[in-house]
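Remarks on the structure that follows.
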Amino acid sequence: MEEIISTLRKYNFWGSNTIDLGYARTDYTGKITDYIGNRLIKVLIGQRRAGKSFVLRQMVKQLIDKGISPINTLIINKEFSDFDFLSTHQELDELIKLYKSALKPSGKIYIFIDEIQNISGWERVVNSYSQDYTDNYELFISGSNSRMLSNELATLLSGRYVKFEIFPFNYKEYLGITEKEKSKKTYIEYLETGGMPELFMLSNQETRRNYVSAIKDTVLLRDIIQRHNIREPRLLEEIFVYLVNNASNLISVSSIFKYYKGLGRKTSYDIISNYIGYIEDTFIIHRCDRFNIRGKEIIAGNVKFYANDLSFKNYLYPGFGYGFGYLVENQIFLELRKAGYKVYTGSIKDKEVDFVASKADRVIYVQCAYLLVEPETIVQEYASLEAISDNYEKFIVTLDDLTFQSNKGIRHVQAWNFSEQL
């Protein structure tokens with residue numbers, strides 16, 4: 001008992017030990033704060049090492065700063081080996097009861113459980129405590145597997161939770177942590193680096209490359225290969241590499257299957273489809289479905305995929321051809337997602353629109369390009385948006401030094417200023 005309480009003390013705010021809070025991610029803590037004070041379960045989802053743990057700890061510190069007693073907060077982090085003793089919902093329930101018995105908190109208890117998908121049957125405990133009207137609890141949980149969380153949330157917790165997707169640092173946060181000024185130069189530096197939070201604690205390219213590689217290996221091994229008993233781990237990694245290096249391109253499961261068939265590899269359509277789904281579940285790759293703008297419907301078949309962070313491309317596969325226009329497109333996709341938009345790639349007649357994004361009643365169309373220098377490039381990029389007959393907002397986003405005047409209602413925005421439009 002004393003050993004377990006000692007472990008809990010190490011990771012909680014109960015004593016004088018220093019807890020690393022990291023860079024303040026106020027965009028997320030502000031949104032979560034709006035939902036505090038009720039029995040809704042706050043669910044943080046996102047890729048491993050994207051910063052979920054720091055956001056949870058920042059929420060705890062915020063509660064304490066507002067007068068909540070530190071002993072009324074409990075942090076359990078299944079990412080750490082110190083919690084290897086905790087693997088089932090029964091053990092989780094016993095741990096919470098042990099904490100209550102040892103510290104004897106009075107009043108409402110705030111429970112924070114990090115990487116909760118590593119506890120089997122976790123949803124039973126979360127459901128029980130969140131709905132326990134004999135005591136007062138408020139729960140915050142995080143996880144890095146979308147399918148596993150979605151299944152449990154949709155069953156026992158349906159209608160009793162609110163979800164927040166945590167991404168790596170955006171450009172604004174990059175400027176904050178590096179103390180740099182907004183400019184084309186720093187935006188390009190950001191594109192060439194990525195936003196994984198701990199990258200900025202590492203001093204050189206080689207250690208950064210090793211760090212990003214370790215994240216990739218951990219995600220593939222622990223979250224996919226071990227969980228799904230993958231029989232072809234090499235193929236799984238090859239598909240991940242393929243998706244990263246073909247980000248922004250229209251591809252399909254059939255085209256990937258034909259690619260491997262052409263190489264003489266023995267695989268199947270279903271295996272490739274399953275592996276892509278598993279990779280998506282870990283949040284390191286995002287699918288962007290095609291949308292028929294005139295017909296207002298999703299088009300089956302070809303889709304685009306985007307990396308959750310450009311560090312995977314920059315540090316692991318820099319030798320593959322991947323121009324700045326594609327880096328910009330990948331990053332704009334992430335900016336739209338971080339701002340809460342549902343994002344599709346648009347199709348209108350025989351033209352493609354990079355993004356159709358919607359949030360509440362707002363719909364925007366976005367076309368991305370490197371530079372608007374060549375006349376044919378200008379005509380091509382504007383033509384896709386000009387083909388759309390409705391009156392929703394239309395943007396062209398580039399790395400040009402100057403901002404062009406609006407043309408037929410289409411606004412030109414420099415990429416480093418685009419988030420201000422959202």
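Letters A, B, ... mark the chains of the structure tokens in the order given; residue numbers begin at 1 per chain; ligand numbers begin at 1, in order shown.
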So that I can check the surroundings of Ala102 (chain A), please list as number ranges by chain every protein, DNA and RNA residue that reaches within 12 Å of it, counting only C-alpha atoms and ignoring chain neighbours fewer than 6 positions away. A: 1-6, 8-9, 71-72, 95-96
Please identify all polymer residues within 12 Å of Thr218 (chain A), counting only C-alpha atoms, omitting same-chain residues fewer than 6 positions from it, and present them as a ChimeraX atom specification. /A:47-49,79,144,211-212,224-227,237,282,284
Pick from A:Arg39, A:Lys108, A:Lys185, A:Arg25: nearest to Ala415 (chain A), with only C-alpha atoms counted?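 Of A:Arg39, A:Lys108, A:Lys185, A:Arg25, the one nearest Ala415 (chain A) is A:Lys185, counting only C-alpha atoms.
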Go through region 244-361 of chain A and collect every residue that DSSP, computed from the backbone, puts in alpha helix (DSSP H); the answer should be as number ranges by chain. A: 244-245, 253-262, 269-281, 311, 324-338
Resulting file, chosen residues, N, CA and C atoms, as a CSV table (one decimal), in the first residue's frame:
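Output saved as out_10.csv:
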```csv
chain,number,residue,atom,x,y,z
A,244,VAL,N,3.0,8.7,-45.8
A,244,VAL,CA,3.7,9.9,-45.5
A,244,VAL,C,4.3,10.5,-46.8
A,245,ASN,N,4.9,9.7,-47.6
A,245,ASN,CA,5.6,10.3,-48.8
A,245,ASN,C,4.6,10.5,-49.9
A,253,VAL,N,-6.8,2.4,-51.8
A,253,VAL,CA,-6.3,1.0,-51.4
A,253,VAL,C,-5.9,0.2,-52.6
A,254,SER,N,-6.7,0.3,-53.7
A,254,SER,CA,-6.5,-0.4,-54.9
A,254,SER,C,-5.1,0.0,-55.5
A,255,SER,N,-4.8,1.3,-55.6
A,255,SER,CA,-3.6,1.7,-56.1
A,255,SER,C,-2.4,1.2,-55.3
A,256,ILE,N,-2.5,1.2,-54.0
A,256,ILE,CA,-1.4,0.7,-53.2
A,256,ILE,C,-1.3,-0.8,-53.4
A,257,PHE,N,-2.4,-1.5,-53.5
A,257,PHE,CA,-2.3,-3.0,-53.8
A,257,PHE,C,-1.6,-3.2,-55.1
A,258,LYS,N,-2.0,-2.5,-56.1
A,258,LYS,CA,-1.3,-2.6,-57.4
A,258,LYS,C,0.1,-2.3,-57.4
A,259,TYR,N,0.5,-1.3,-56.6
A,259,TYR,CA,1.9,-0.9,-56.4
A,259,TYR,C,2.7,-2.1,-55.8
A,260,TYR,N,2.2,-2.7,-54.8
A,260,TYR,CA,2.9,-3.9,-54.2
A,260,TYR,C,2.9,-5.1,-55.1
A,261,LYS,N,1.8,-5.3,-55.8
A,261,LYS,CA,1.7,-6.4,-56.7
A,261,LYS,C,2.7,-6.2,-57.8
A,262,GLY,N,2.9,-5.0,-58.3
A,262,GLY,CA,4.0,-4.7,-59.3
A,262,GLY,C,5.4,-5.0,-58.8
A,269,TYR,N,-5.8,-6.9,-50.8
A,269,TYR,CA,-6.5,-5.7,-50.6
A,269,TYR,C,-7.0,-5.5,-49.2
A,270,ASP,N,-7.5,-6.6,-48.6
A,270,ASP,CA,-8.1,-6.5,-47.2
A,270,ASP,C,-7.0,-6.2,-46.2
A,271,ILE,N,-5.8,-6.8,-46.4
A,271,ILE,CA,-4.7,-6.6,-45.5
A,271,ILE,C,-4.2,-5.1,-45.5
A,272,ILE,N,-4.1,-4.6,-46.7
A,272,ILE,CA,-3.7,-3.2,-46.9
A,272,ILE,C,-4.7,-2.3,-46.3
A,273,SER,N,-6.0,-2.5,-46.6
A,273,SER,CA,-7.1,-1.7,-46.0
A,273,SER,C,-7.1,-1.7,-44.5
A,274,ASN,N,-6.9,-2.9,-43.9
A,274,ASN,CA,-6.8,-3.0,-42.4
A,274,ASN,C,-5.6,-2.3,-41.9
A,275,TYR,N,-4.5,-2.4,-42.5
A,275,TYR,CA,-3.3,-1.8,-42.0
A,275,TYR,C,-3.4,-0.2,-42.0
A,276,ILE,N,-4.0,0.3,-43.1
A,276,ILE,CA,-4.2,1.7,-43.2
A,276,ILE,C,-5.2,2.2,-42.1
A,277,GLY,N,-6.2,1.4,-41.8
A,277,GLY,CA,-7.2,1.7,-40.8
A,277,GLY,C,-6.5,1.7,-39.4
A,278,TYR,N,-5.6,0.8,-39.1
A,278,TYR,CA,-4.9,0.7,-37.9
A,278,TYR,C,-4.0,2.0,-37.7
A,279,ILE,N,-3.3,2.3,-38.8
A,279,ILE,CA,-2.5,3.5,-38.7
A,279,ILE,C,-3.3,4.8,-38.5
A,280,GLU,N,-4.4,4.9,-39.1
A,280,GLU,CA,-5.3,6.0,-38.9
A,280,GLU,C,-5.8,6.1,-37.4
A,281,ASP,N,-6.0,4.9,-36.8
A,281,ASP,CA,-6.5,4.8,-35.5
A,281,ASP,C,-5.6,5.5,-34.5
A,311,SER,N,7.2,16.5,-38.9
A,311,SER,CA,8.4,15.9,-38.4
A,311,SER,C,8.6,14.5,-39.0
A,324,PHE,N,7.7,22.2,-51.4
A,324,PHE,CA,7.2,23.1,-50.3
A,324,PHE,C,5.7,23.3,-50.5
A,325,GLY,N,5.2,23.2,-51.7
A,325,GLY,CA,3.7,23.3,-51.9
A,325,GLY,C,3.0,22.2,-51.2
A,326,TYR,N,3.5,21.0,-51.2
A,326,TYR,CA,2.9,19.9,-50.5
A,326,TYR,C,3.0,20.0,-49.0
A,327,LEU,N,4.2,20.6,-48.5
A,327,LEU,CA,4.3,20.8,-47.1
A,327,LEU,C,3.3,21.9,-46.6
A,328,VAL,N,3.1,22.9,-47.4
A,328,VAL,CA,2.1,23.9,-47.1
A,328,VAL,C,0.7,23.3,-47.0
A,329,GLU,N,0.4,22.4,-48.0
A,329,GLU,CA,-1.0,21.8,-48.1
A,329,GLU,C,-1.2,20.9,-46.9
A,330,ASN,N,-0.2,20.1,-46.5
A,330,ASN,CA,-0.3,19.3,-45.3
A,330,ASN,C,-0.6,20.1,-44.1
A,331,GLN,N,0.2,21.2,-43.9
A,331,GLN,CA,0.1,22.0,-42.8
A,331,GLN,C,-1.3,22.8,-42.7
A,332,ILE,N,-1.8,23.2,-43.8
A,332,ILE,CA,-3.1,23.9,-43.9
A,332,ILE,C,-4.2,22.9,-43.5
A,333,PHE,N,-4.1,21.7,-43.9
A,333,PHE,CA,-5.0,20.7,-43.5
A,333,PHE,C,-5.1,20.6,-42.0
A,334,LEU,N,-3.9,20.5,-41.4
A,334,LEU,CA,-3.8,20.4,-39.9
A,334,LEU,C,-4.3,21.6,-39.2
A,335,GLU,N,-4.1,22.8,-39.8
A,335,GLU,CA,-4.6,24.1,-39.2
A,335,GLU,C,-6.2,24.0,-39.2
A,336,LEU,N,-6.7,23.6,-40.3
A,336,LEU,CA,-8.2,23.5,-40.4
A,336,LEU,C,-8.7,22.5,-39.4
A,337,ARG,N,-8.1,21.3,-39.2
A,337,ARG,CA,-8.5,20.3,-38.3
A,337,ARG,C,-8.4,20.9,-36.8
A,338,LYS,N,-7.3,21.5,-36.5
A,338,LYS,CA,-7.1,22.0,-35.2
A,338,LYS,C,-8.1,23.1,-34.8
```
Please return, as a VMD selection string, all residues of region 68-206 of chain A that DSSP assigns to strand (DSSP E or B) on the basis of the backbone. chain A and resid 73 to 77 88 109 to 114 120 137 to 143 161 to 165
